[in-house]
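A.B. asks: protein-v2.json is reproduced in full below (JSON, C-alpha atoms).
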[["chain", "number", "residue", "atom", "x", "y", "z"],
["A", 250, "MET", "CA", 99.82, 125.70, 86.63],
["A", 251, "SER", "CA", 101.54, 127.59, 83.80],
["A", 252, "ILE", "CA", 100.41, 130.91, 82.40],
["A", 253, "GLN", "CA", 99.26, 130.82, 78.80],
["A", 254, "LYS", "CA", 101.12, 132.66, 76.05],
["A", 255, "ASN", "CA", 99.51, 134.42, 73.11],
["A", 256, "LYS", "CA", 100.44, 133.83, 69.47],
["A", 257, "ASP", "CA", 103.32, 136.30, 69.73],
["A", 258, "GLY", "CA", 104.87, 134.53, 72.72],
["A", 259, "PHE", "CA", 103.86, 137.05, 75.40],
["A", 260, "TYR", "CA", 102.34, 135.99, 78.71],
["A", 261, "GLU", "CA", 98.60, 136.32, 79.23],
["A", 262, "VAL", "CA", 97.55, 138.12, 82.40],
["A", 263, "LEU", "CA", 95.67, 136.27, 85.12],
["A", 264, "ASN", "CA", 91.90, 136.39, 85.36],
["A", 265, "PHE", "CA", 90.50, 137.26, 88.76],
["A", 266, "PRO", "CA", 89.27, 134.39, 90.92],
["A", 267, "GLU", "CA", 85.65, 134.40, 92.07],
["A", 268, "GLY", "CA", 84.96, 136.92, 94.80],
["A", 269, "LYS", "CA", 83.94, 140.43, 95.74],
["A", 270, "ILE", "CA", 86.18, 143.40, 96.47],
["A", 271, "SER", "CA", 84.03, 144.27, 99.48],
["A", 272, "ASP", "CA", 84.73, 140.90, 101.15],
["A", 273, "VAL", "CA", 88.04, 141.01, 103.04],
["A", 274, "PHE", "CA", 88.62, 137.27, 102.55],
["A", 275, "ASP", "CA", 87.94, 137.37, 98.80],
["A", 276, "ARG", "CA", 90.03, 140.51, 98.49],
["A", 277, "ALA", "CA", 93.29, 138.79, 99.52],
["A", 278, "ALA", "CA", 93.51, 136.83, 96.25],
["A", 279, "LEU", "CA", 92.02, 139.70, 94.22],
["A", 280, "GLU", "CA", 94.69, 142.16, 95.37],
["A", 281, "MET", "CA", 97.45, 139.63, 94.76],
["A", 282, "THR", "CA", 96.14, 139.12, 91.22],
["A", 283, "VAL", "CA", 96.46, 142.85, 90.52],
["A", 284, "ILE", "CA", 100.08, 142.83, 91.73],
["A", 285, "HIS", "CA", 100.99, 139.65, 89.87],
["A", 286, "ASN", "CA", 99.48, 140.98, 86.63],
["A", 287, "LEU", "CA", 101.61, 144.09, 87.02],
["A", 288, "ILE", "CA", 104.70, 141.87, 87.17],
["A", 289, "ILE", "CA", 103.53, 139.88, 84.14],
["A", 290, "ARG", "CA", 103.06, 143.09, 82.12],
["A", 291, "ALA", "CA", 106.55, 144.23, 83.08],
["A", 292, "ILE", "CA", 108.02, 140.91, 81.89],
["A", 293, "ASN", "CA", 106.17, 141.31, 78.60],
["A", 294, "SER", "CA", 107.49, 144.86, 78.27],
["A", 295, "LEU", "CA", 111.07, 143.58, 78.55],
["A", 296, "LEU", "CA", 110.45, 140.99, 75.83],
["A", 297, "TYR", "CA", 108.58, 143.48, 73.62],
["A", 298, "HIS", "CA", 111.16, 146.27, 73.68],
["A", 299, "ALA", "CA", 114.43, 144.29, 73.77],
["A", 300, "PRO", "CA", 114.59, 143.60, 70.00],
["A", 301, "LYS", "CA", 114.09, 147.31, 69.27],
["A", 302, "ILE", "CA", 116.66, 148.79, 71.66],
["A", 303, "THR", "CA", 119.31, 150.97, 70.00],
["A", 304, "SER", "CA", 122.79, 151.52, 71.42],
["A", 305, "SER", "CA", 121.82, 154.97, 72.73],
["A", 306, "GLU", "CA", 118.82, 153.51, 74.58],
["A", 307, "VAL", "CA", 120.71, 150.79, 76.43],
["A", 308, "PRO", "CA", 121.46, 152.81, 79.63],
["A", 309, "ALA", "CA", 117.81, 153.82, 80.10],
["A", 310, "PHE", "CA", 116.57, 150.31, 79.33],
["A", 311, "MET", "CA", 118.94, 148.91, 81.94],
["A", 312, "LYS", "CA", 117.56, 151.36, 84.52],
["A", 313, "TYR", "CA", 114.09, 150.12, 83.66],
["A", 314, "SER", "CA", 115.26, 146.49, 83.94],
["A", 315, "HIS", "CA", 116.87, 147.16, 87.31],
["A", 316, "ALA", "CA", 113.63, 148.76, 88.56],
["A", 317, "PHE", "CA", 111.84, 145.56, 87.57],
["A", 318, "ILE", "CA", 114.44, 143.44, 89.39],
["A", 319, "GLN", "CA", 114.10, 145.55, 92.53],
["A", 320, "THR", "CA", 110.30, 145.35, 92.41],
["A", 321, "VAL", "CA", 110.29, 141.54, 92.22],
["A", 322, "HIS", "CA", 112.85, 141.23, 95.03],
["A", 323, "HIS", "CA", 110.93, 143.65, 97.24],
["A", 324, "HIS", "CA", 107.58, 141.95, 96.62],
["A", 325, "HIS", "CA", 108.86, 138.50, 97.52],
["A", 326, "ALA", "CA", 110.91, 139.74, 100.48],
["A", 327, "ASN", "CA", 107.79, 141.36, 101.94],
["A", 328, "GLU", "CA", 105.94, 138.08, 101.56],
["A", 329, "GLU", "CA", 108.63, 135.90, 103.13],
["A", 330, "GLU", "CA", 109.61, 138.28, 105.92],
["A", 331, "LEU", "CA", 106.17, 139.46, 106.99],
["A", 332, "TYR", "CA", 103.04, 138.39, 105.11],
["A", 333, "PHE", "CA", 103.57, 134.63, 104.97],
["A", 334, "PRO", "CA", 104.66, 134.30, 108.64],
["A", 335, "MET", "CA", 101.63, 136.32, 109.76],
["A", 336, "LEU", "CA", 99.29, 134.13, 107.75],
["A", 337, "GLU", "CA", 100.97, 130.95, 109.00],
["A", 338, "GLU", "CA", 100.29, 132.01, 112.60],
["A", 339, "LYS", "CA", 96.65, 131.32, 111.81],
["A", 340, "LEU", "CA", 96.79, 128.83, 108.92],
["A", 341, "GLY", "CA", 99.51, 126.62, 110.37],
["A", 342, "LYS", "CA", 103.29, 126.52, 110.12],
["A", 343, "GLY", "CA", 104.43, 125.44, 106.68],
["A", 344, "TYR", "CA", 101.22, 126.43, 104.90],
["A", 345, "MET", "CA", 103.15, 128.84, 102.68],
["A", 346, "ASN", "CA", 106.06, 126.48, 101.97],
["A", 347, "GLU", "CA", 104.82, 125.88, 98.43],
["A", 348, "ASN", "CA", 104.99, 129.61, 97.73],
["A", 349, "ILE", "CA", 108.50, 129.89, 99.14],
["A", 350, "ALA", "CA", 109.52, 126.95, 96.93],
["A", 351, "GLY", "CA", 108.03, 128.89, 94.03],
["A", 352, "HIS", "CA", 110.32, 131.80, 94.85],
["A", 353, "GLU", "CA", 113.35, 129.54, 95.00],
["A", 354, "ALA", "CA", 112.51, 127.92, 91.66],
["A", 355, "PHE", "CA", 113.49, 131.01, 89.68],
["A", 356, "HIS", "CA", 116.24, 132.43, 91.93],
["A", 357, "THR", "CA", 119.19, 131.04, 89.97],
["A", 358, "SER", "CA", 117.98, 132.25, 86.59],
["A", 359, "PHE", "CA", 116.82, 135.58, 88.07],
["A", 360, "ASP", "CA", 120.24, 136.12, 89.67],
["A", 361, "ALA", "CA", 121.82, 135.42, 86.27],
["A", 362, "PHE", "CA", 119.51, 138.01, 84.69],
["A", 363, "THR", "CA", 120.47, 140.52, 87.40],
["A", 364, "ALA", "CA", 124.16, 139.90, 86.76],
["A", 365, "LEU", "CA", 123.62, 140.37, 83.03],
["A", 366, "CYS", "CA", 121.88, 143.71, 83.58],
["A", 367, "ASP", "CA", 124.67, 144.79, 85.95],
["A", 368, "ARG", "CA", 127.29, 144.02, 83.30],
["A", 369, "VAL", "CA", 125.42, 145.80, 80.52],
["A", 370, "ALA", "CA", 124.67, 148.82, 82.72],
["A", 371, "ALA", "CA", 128.41, 149.14, 83.45],
["A", 372, "HIS", "CA", 129.41, 148.45, 79.83],
["A", 373, "PRO", "CA", 126.56, 149.34, 77.41],
["A", 374, "SER", "CA", 128.58, 148.06, 74.46],
["A", 375, "LYS", "CA", 127.99, 144.52, 75.82],
["A", 376, "TRP", "CA", 124.27, 144.79, 75.00],
["A", 377, "ASP", "CA", 122.96, 141.89, 72.97],
["A", 378, "ALA", "CA", 119.22, 141.59, 72.48],
["A", 379, "SER", "CA", 119.24, 137.82, 71.92],
["A", 380, "THR", "CA", 121.17, 137.18, 75.13],
["A", 381, "PHE", "CA", 118.87, 139.49, 77.08],
["A", 382, "ILE", "CA", 115.70, 137.86, 75.74],
["A", 383, "ALA", "CA", 117.02, 134.37, 76.46],
["A", 384, "SER", "CA", 117.79, 135.41, 80.03],
["A", 385, "VAL", "CA", 114.31, 136.89, 80.54],
["A", 386, "LYS", "CA", 112.69, 133.72, 79.23],
["A", 387, "SER", "CA", 114.81, 131.54, 81.51],
["A", 388, "PHE", "CA", 113.46, 133.12, 84.69],
["A", 389, "SER", "CA", 110.00, 134.08, 83.44],
["A", 390, "GLU", "CA", 108.82, 130.51, 82.94],
["A", 391, "PRO", "CA", 109.17, 129.47, 86.61],
["A", 392, "LEU", "CA", 108.27, 132.96, 87.84],
["A", 393, "THR", "CA", 104.98, 133.21, 85.96],
["A", 394, "LYS", "CA", 104.11, 129.65, 86.99],
["A", 395, "HIS", "CA", 104.59, 130.70, 90.60],
["A", 396, "LEU", "CA", 102.54, 133.90, 90.12],
["A", 397, "ALA", "CA", 99.59, 131.82, 88.96],
["A", 398, "GLU", "CA", 99.90, 129.15, 91.63],
["A", 399, "GLU", "CA", 100.28, 131.52, 94.58],
["A", 400, "ILE", "CA", 96.80, 132.94, 94.03],
["A", 401, "THR", "CA", 95.24, 129.56, 94.90],
["A", 402, "THR", "CA", 96.92, 129.54, 98.34],
["A", 403, "LEU", "CA", 94.94, 132.67, 99.24],
["A", 404, "ASP", "CA", 91.65, 130.86, 98.76],
["A", 405, "ALA", "CA", 88.92, 132.77, 100.62],
["A", 406, "ALA", "CA", 87.27, 129.64, 102.03],
["A", 407, "THR", "CA", 90.57, 128.53, 103.58],
["A", 408, "LEU", "CA", 91.21, 131.95, 105.10],
["A", 409, "ARG", "CA", 87.69, 132.08, 106.58],
["A", 410, "LYS", "CA", 88.17, 128.76, 108.38],
["A", 411, "SER", "CA", 91.20, 129.91, 110.38],
["A", 412, "MET", "CA", 91.10, 133.71, 110.50],
["A", 413, "THR", "CA", 88.77, 136.44, 111.67],
["A", 414, "VAL", "CA", 88.13, 139.64, 109.74],
["A", 415, "ALA", "CA", 90.28, 141.45, 112.33],
["A", 416, "ASP", "CA", 93.14, 138.95, 111.83],
["A", 417, "LEU", "CA", 93.27, 139.46, 108.08],
["A", 418, "GLU", "CA", 92.82, 143.23, 108.26],
["A", 419, "HIS", "CA", 95.74, 143.37, 110.70],
["A", 420, "CYS", "CA", 97.92, 141.40, 108.24],
["A", 421, "ASN", "CA", 96.94, 143.76, 105.44],
["A", 422, "ARG", "CA", 97.71, 146.90, 107.47],
["A", 423, "GLU", "CA", 101.12, 145.64, 108.53],
["A", 424, "LEU", "CA", 102.00, 144.64, 104.98],
["A", 425, "GLU", "CA", 100.85, 147.99, 103.61],
["A", 426, "LYS", "CA", 102.97, 149.85, 106.19],
["A", 427, "LYS", "CA", 106.06, 147.80, 105.27],
["A", 428, "VAL", "CA", 105.55, 148.30, 101.54],
["A", 429, "LYS", "CA", 105.09, 152.07, 101.89],
["A", 430, "SER", "CA", 108.08, 152.49, 104.19],
["A", 431, "GLU", "CA", 110.47, 150.57, 101.95],
["A", 432, "MET", "CA", 109.28, 151.33, 98.40],
["A", 433, "SER", "CA", 111.98, 153.02, 96.33],
["A", 434, "LEU", "CA", 111.64, 155.89, 93.86],
["A", 435, "SER", "CA", 112.19, 153.45, 91.00],
["A", 436, "GLU", "CA", 109.66, 150.83, 92.10],
["A", 437, "PHE", "CA", 106.75, 153.23, 92.21],
["A", 438, "PRO", "CA", 107.00, 154.44, 88.59],
["A", 439, "LEU", "CA", 107.60, 150.84, 87.46],
["A", 440, "GLY", "CA", 104.32, 149.91, 89.14],
["A", 441, "ILE", "CA", 102.33, 152.82, 87.72],
["A", 442, "THR", "CA", 103.65, 152.30, 84.18],
["A", 443, "ASN", "CA", 102.60, 148.66, 84.24],
["A", 444, "PHE", "CA", 99.28, 149.17, 86.01],
["A", 445, "ASP", "CA", 95.85, 148.70, 84.44],
["A", 446, "ASN", "CA", 93.10, 151.08, 85.50],
["A", 447, "ILE", "CA", 90.39, 148.98, 83.88],
["A", 448, "SER", "CA", 90.97, 145.95, 86.08],
["A", 449, "GLY", "CA", 92.72, 147.53, 89.07],
["A", 450, "ARG", "CA", 91.36, 151.05, 89.61],
["A", 451, "TRP", "CA", 89.61, 149.83, 92.79],
["A", 452, "LEU", "CA", 93.01, 149.17, 94.37],
["A", 453, "MET", "CA", 94.49, 152.59, 93.51],
["A", 454, "LYS", "CA", 94.29, 154.51, 96.80],
["A", 455, "LEU", "CA", 96.39, 157.53, 95.83],
["A", 456, "PRO", "CA", 94.98, 161.06, 96.24],
["A", 457, "LEU", "CA", 94.39, 162.95, 92.98],
["A", 458, "PHE", "CA", 97.21, 165.40, 93.74],
["A", 459, "THR", "CA", 99.68, 162.52, 94.12],
["A", 460, "ARG", "CA", 98.52, 160.95, 90.87],
["A", 461, "ILE", "CA", 98.95, 164.28, 89.05],
["A", 462, "LEU", "CA", 102.44, 164.67, 90.54],
["A", 463, "ILE", "CA", 103.40, 161.19, 89.33],
["A", 464, "ALA", "CA", 101.91, 161.55, 85.84],
["A", 465, "TRP", "CA", 103.06, 165.11, 85.14],
["A", 466, "VAL", "CA", 106.33, 165.38, 87.06],
["A", 467, "ILE", "CA", 107.94, 162.19, 88.38],
["A", 468, "ILE", "CA", 107.51, 159.97, 85.33],
["A", 469, "PRO", "CA", 108.28, 162.69, 82.71],
["A", 470, "LEU", "CA", 111.50, 163.57, 84.58],
["A", 471, "ASN", "CA", 112.79, 160.12, 83.60],
["A", 472, "GLY", "CA", 110.67, 159.63, 80.52],
["A", 473, "SER", "CA", 113.49, 157.85, 78.69],
["A", 474, "VAL", "CA", 113.25, 155.08, 81.32],
["A", 475, "TRP", "CA", 109.52, 154.80, 81.98],
["A", 476, "LYS", "CA", 108.55, 154.89, 78.30],
["A", 477, "TYR", "CA", 109.18, 151.14, 78.29],
["A", 478, "GLY", "CA", 106.21, 150.48, 80.56],
["A", 479, "THR", "CA", 102.97, 149.07, 79.20],
["A", 480, "SER", "CA", 100.91, 151.97, 80.61],
["A", 481, "ASN", "CA", 101.10, 155.75, 80.67],
["A", 482, "GLY", "CA", 101.65, 157.81, 83.81],
["A", 483, "TRP", "CA", 98.01, 157.46, 84.79],
["A", 484, "GLY", "CA", 97.98, 153.66, 84.67],
["A", 485, "ASP", "CA", 96.10, 153.45, 81.37],
["A", 486, "LEU", "CA", 97.38, 150.68, 79.12],
["A", 487, "LYS", "CA", 98.92, 151.89, 75.87],
["A", 488, "PRO", "CA", 97.07, 150.80, 72.70],
["A", 489, "GLU", "CA", 99.67, 148.18, 71.76],
["A", 490, "PHE", "CA", 99.27, 146.60, 75.21],
["A", 491, "ALA", "CA", 95.50, 146.93, 75.61],
["A", 492, "TRP", "CA", 95.17, 143.14, 75.36],
["A", 493, "MET", "CA", 96.90, 142.87, 78.76],
["A", 494, "SER", "CA", 93.76, 143.89, 80.62],
["A", 495, "CYS", "CA", 90.98, 141.79, 82.07],
["A", 496, "SER", "CA", 87.52, 142.28, 83.51],
["A", 497, "PRO", "CA", 87.57, 143.72, 87.05],
["A", 498, "PRO", "CA", 86.17, 141.69, 89.97],
["A", 499, "SER", "CA", 82.71, 142.28, 91.41],
["A", 500, "PRO", "CA", 82.39, 145.24, 93.84]]
Go ahead and express the file in the form of structure tokens.

C.D. replies:
Amino acid sequence: MSIQKNKDGFYEVLNFPEGKISDVFDRAALEMTVIHNLIIRAINSLLYHAPKITSSEVPAFMKYSHAFIQTVHHHHANEEELYFPMLEEKLGKGYMNENIAGHEAFHTSFDAFTALCDRVAAHPSKWDASTFIASVKSFSEPLTKHLAEEITTLDAATLRKSMTVADLEHCNRELEKKVKSEMSLSEFPLGITNFDNISGRWLMKLPLFTRILIAWVIIPLNGSVWKYGTSNGWGDLKPEFAWMSCSPPSP
């Protein structure tokens, strides 16, 4: 299952599967869709800005690229180390093998992209937009394919057959604790600046004070980096990226 591209060659975001936010079994795939769409927007931001980067902007753009790299690594490590094994305790050993194979499918090209960003960060004069774009496209094809396919493995009907509400809520709590304890100062702004309040506001659990701190202090402090995101500091899509939204799921 490949993600569609629009006429300009950017990836379309995923539509939400059927389900209600209030149903814990439906919510598993709905939450994953929000996270995967965030990653898709970040990929599109790399492709969108790369042709316009000037020599003076290369260091900041590399910091943004490295934040993206770290976010993807962290997301998939959390799945493989904690979330998938917990689900397999109830769904059966090997149930998530297809998802792990999806991770492995883009590792080589993603490692090459990481090495490219490392080289350019150390030597900004080595920046070449065409090389960068080609590298992004090489990993984004298998990565976006995986992002679409993984949603189907969290099918609510399948989860209901083998898990109780308490089982799934326990998985979610443990995953949330791990994410919060390990999230870096670069991953959080990357997430906020590629968020979409229209489709994902229901998942934003931050207190108002924290959101104000992020929007007015944390992101502006490194505005030269986070300006490459598709959203502002509040998670509102910028006008040029408004098409990367979708209708929210049912309450």

A.B. asks: From the set A:Ile302, A:Ala354, A:Ile289, A:Ile463, which residue has the shortest atom-to-atom contact distance to Ser435 of chain A, counting all atoms listed in the file?

C.D. replies: A:Ile463

A.B. asks: When distances are computed from all atoms listed in the file, which of A:Leu340, A:Trp492, A:Ile292, A:Ala326 shows the smallest separation from Leu408 of chain A?

C.D. replies: A:Leu340

A.B. asks: Which distance in Å separates atom CA of Lys301 of chain A and atom CA of Phe381 of chain A, to one decimal?

C.D. replies: 12.0 Å

A.B. asks: So that I can see what lies close to Glu347 of chain A, please list as a list of chain:residue names the residues with an atom at most 10 Å from it, counting all atoms listed in the file and leaving out residues fewer than 6 positions away in the same chain.

C.D. replies: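 Those residues are A:Glu353, A:His395, A:Glu398, A:Glu399, A:Thr402.
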
A.B. asks: Distance cut-off 9 Å, centre (101.5, 135.0, 79.4) in file coordinates, counting all atoms listed in the file: which residues qualify? Return them as a list in words.

C.D. replies: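 Protein, DNA and RNA residues close to (101.5, 135.0, 79.4): Ser251, Ile252, Gln253, Lys254, Asn255, Gly258, Phe259, Tyr260, Glu261, Val262, Leu263, Ile289, Arg290, Asn293 and Thr393 of chain A.
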
A.B. asks: My list of candidates is A:Thr303, A:Thr320, A:Ser314, A:Ser389. Which is closest to Tyr477 of chain A when distances are computed with only C-alpha atoms?

C.D. replies: A:Ser314

A.B. asks: At a cut-off of 12 Å, using only C-alpha atoms, what residues contact segment 371-380 of chain A? Leave out same-chain residues fewer than 2 positions from it and give the result as a VMD selection string.

C.D. replies: chain A and resid 295 to 312 361 to 362 364 to 369 382 to 387

A.B. asks: Those selected residues, please, written with C-alpha atoms and delivered as a JSON list (two decimals), in the frame of the given file.

C.D. replies:
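Contents of the output file out.json:
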[["chain", "number", "residue", "atom", "x", "y", "z"],
["A", 295, "LEU", "CA", 111.07, 143.58, 78.55],
["A", 296, "LEU", "CA", 110.45, 140.99, 75.83],
["A", 297, "TYR", "CA", 108.58, 143.48, 73.62],
["A", 298, "HIS", "CA", 111.16, 146.27, 73.68],
["A", 299, "ALA", "CA", 114.43, 144.29, 73.77],
["A", 300, "PRO", "CA", 114.59, 143.60, 70.00],
["A", 301, "LYS", "CA", 114.09, 147.31, 69.27],
["A", 302, "ILE", "CA", 116.66, 148.79, 71.66],
["A", 303, "THR", "CA", 119.31, 150.97, 70.00],
["A", 304, "SER", "CA", 122.79, 151.52, 71.42],
["A", 305, "SER", "CA", 121.82, 154.97, 72.73],
["A", 306, "GLU", "CA", 118.82, 153.51, 74.58],
["A", 307, "VAL", "CA", 120.71, 150.79, 76.43],
["A", 308, "PRO", "CA", 121.46, 152.81, 79.63],
["A", 309, "ALA", "CA", 117.81, 153.82, 80.10],
["A", 310, "PHE", "CA", 116.57, 150.31, 79.33],
["A", 311, "MET", "CA", 118.94, 148.91, 81.94],
["A", 312, "LYS", "CA", 117.56, 151.36, 84.52],
["A", 361, "ALA", "CA", 121.82, 135.42, 86.27],
["A", 362, "PHE", "CA", 119.51, 138.01, 84.69],
["A", 364, "ALA", "CA", 124.16, 139.90, 86.76],
["A", 365, "LEU", "CA", 123.62, 140.37, 83.03],
["A", 366, "CYS", "CA", 121.88, 143.71, 83.58],
["A", 367, "ASP", "CA", 124.67, 144.79, 85.95],
["A", 368, "ARG", "CA", 127.29, 144.02, 83.30],
["A", 369, "VAL", "CA", 125.42, 145.80, 80.52],
["A", 382, "ILE", "CA", 115.70, 137.86, 75.74],
["A", 383, "ALA", "CA", 117.02, 134.37, 76.46],
["A", 384, "SER", "CA", 117.79, 135.41, 80.03],
["A", 385, "VAL", "CA", 114.31, 136.89, 80.54],
["A", 386, "LYS", "CA", 112.69, 133.72, 79.23],
["A", 387, "SER", "CA", 114.81, 131.54, 81.51]]

A.B. asks: Calculated over all atoms listed in the file, which of the candidates A:Glu280, A:Ile318, A:Ala291, A:Asp275 has the smallest distance to Thr479 of chain A?

C.D. replies: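 Nearest candidate to Thr479 of chain A out of A:Glu280, A:Ile318, A:Ala291, A:Asp275: A:Ala291.
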
A.B. asks: Name the closest residue to Leu452 of chain A among the candidates A:Pro497, A:Asp416, A:Ile288, A:Leu396; distances are taken between atoms, counting all atoms listed in the file.

C.D. replies: A:Pro497

A.B. asks: Kindly give the distance, in Å, that separates atom CA of Met345 of chain A and atom CA of Phe333 of chain A, rounded to a single decimal.

C.D. replies: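 According to the coordinates, atom CA of Met345 of chain A and atom CA of Phe333 of chain A are separated by 6.2 Å.
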
A.B. asks: Smallest atom-to-atom distance to Trp475 of chain A: which of A:Glu337, A:Asp257, A:Glu328, A:Glu436, using all atoms listed in the file?

C.D. replies: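 Closest candidate: A:Glu436.
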
A.B. asks: Could you name the residues that touch Trp451 of chain A at 10 Å or less, counting all atoms listed in the file, but leaving out those on the same chain fewer than 4 positions away, as a PDB file with C-alpha atoms, keeping the file's coordinate frame?

C.D. replies:
ATOM      1  CA  ILE A 270      86.180 143.400  96.470  1.00  0.00           C
ATOM      2  CA  GLU A 280      94.690 142.160  95.370  1.00  0.00           C
ATOM      3  CA  ASN A 446      93.100 151.080  85.500  1.00  0.00           C
ATOM      4  CA  ILE A 447      90.390 148.980  83.880  1.00  0.00           C
ATOM      5  CA  PRO A 497      87.570 143.720  87.050  1.00  0.00           C
ATOM      6  CA  PRO A 498      86.170 141.690  89.970  1.00  0.00           C
ATOM      7  CA  PRO A 500      82.390 145.240  93.840  1.00  0.00           C
TER       8      PRO A 500
END

A.B. asks: Could you state the separation of atom CA of Ser499 of chain A and atom CA of Tyr332 of chain A in Å, given to one decimal place?

C.D. replies: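 Computed distance, atom CA of Ser499 of chain A to atom CA of Tyr332 of chain A, equals 24.8 Å.
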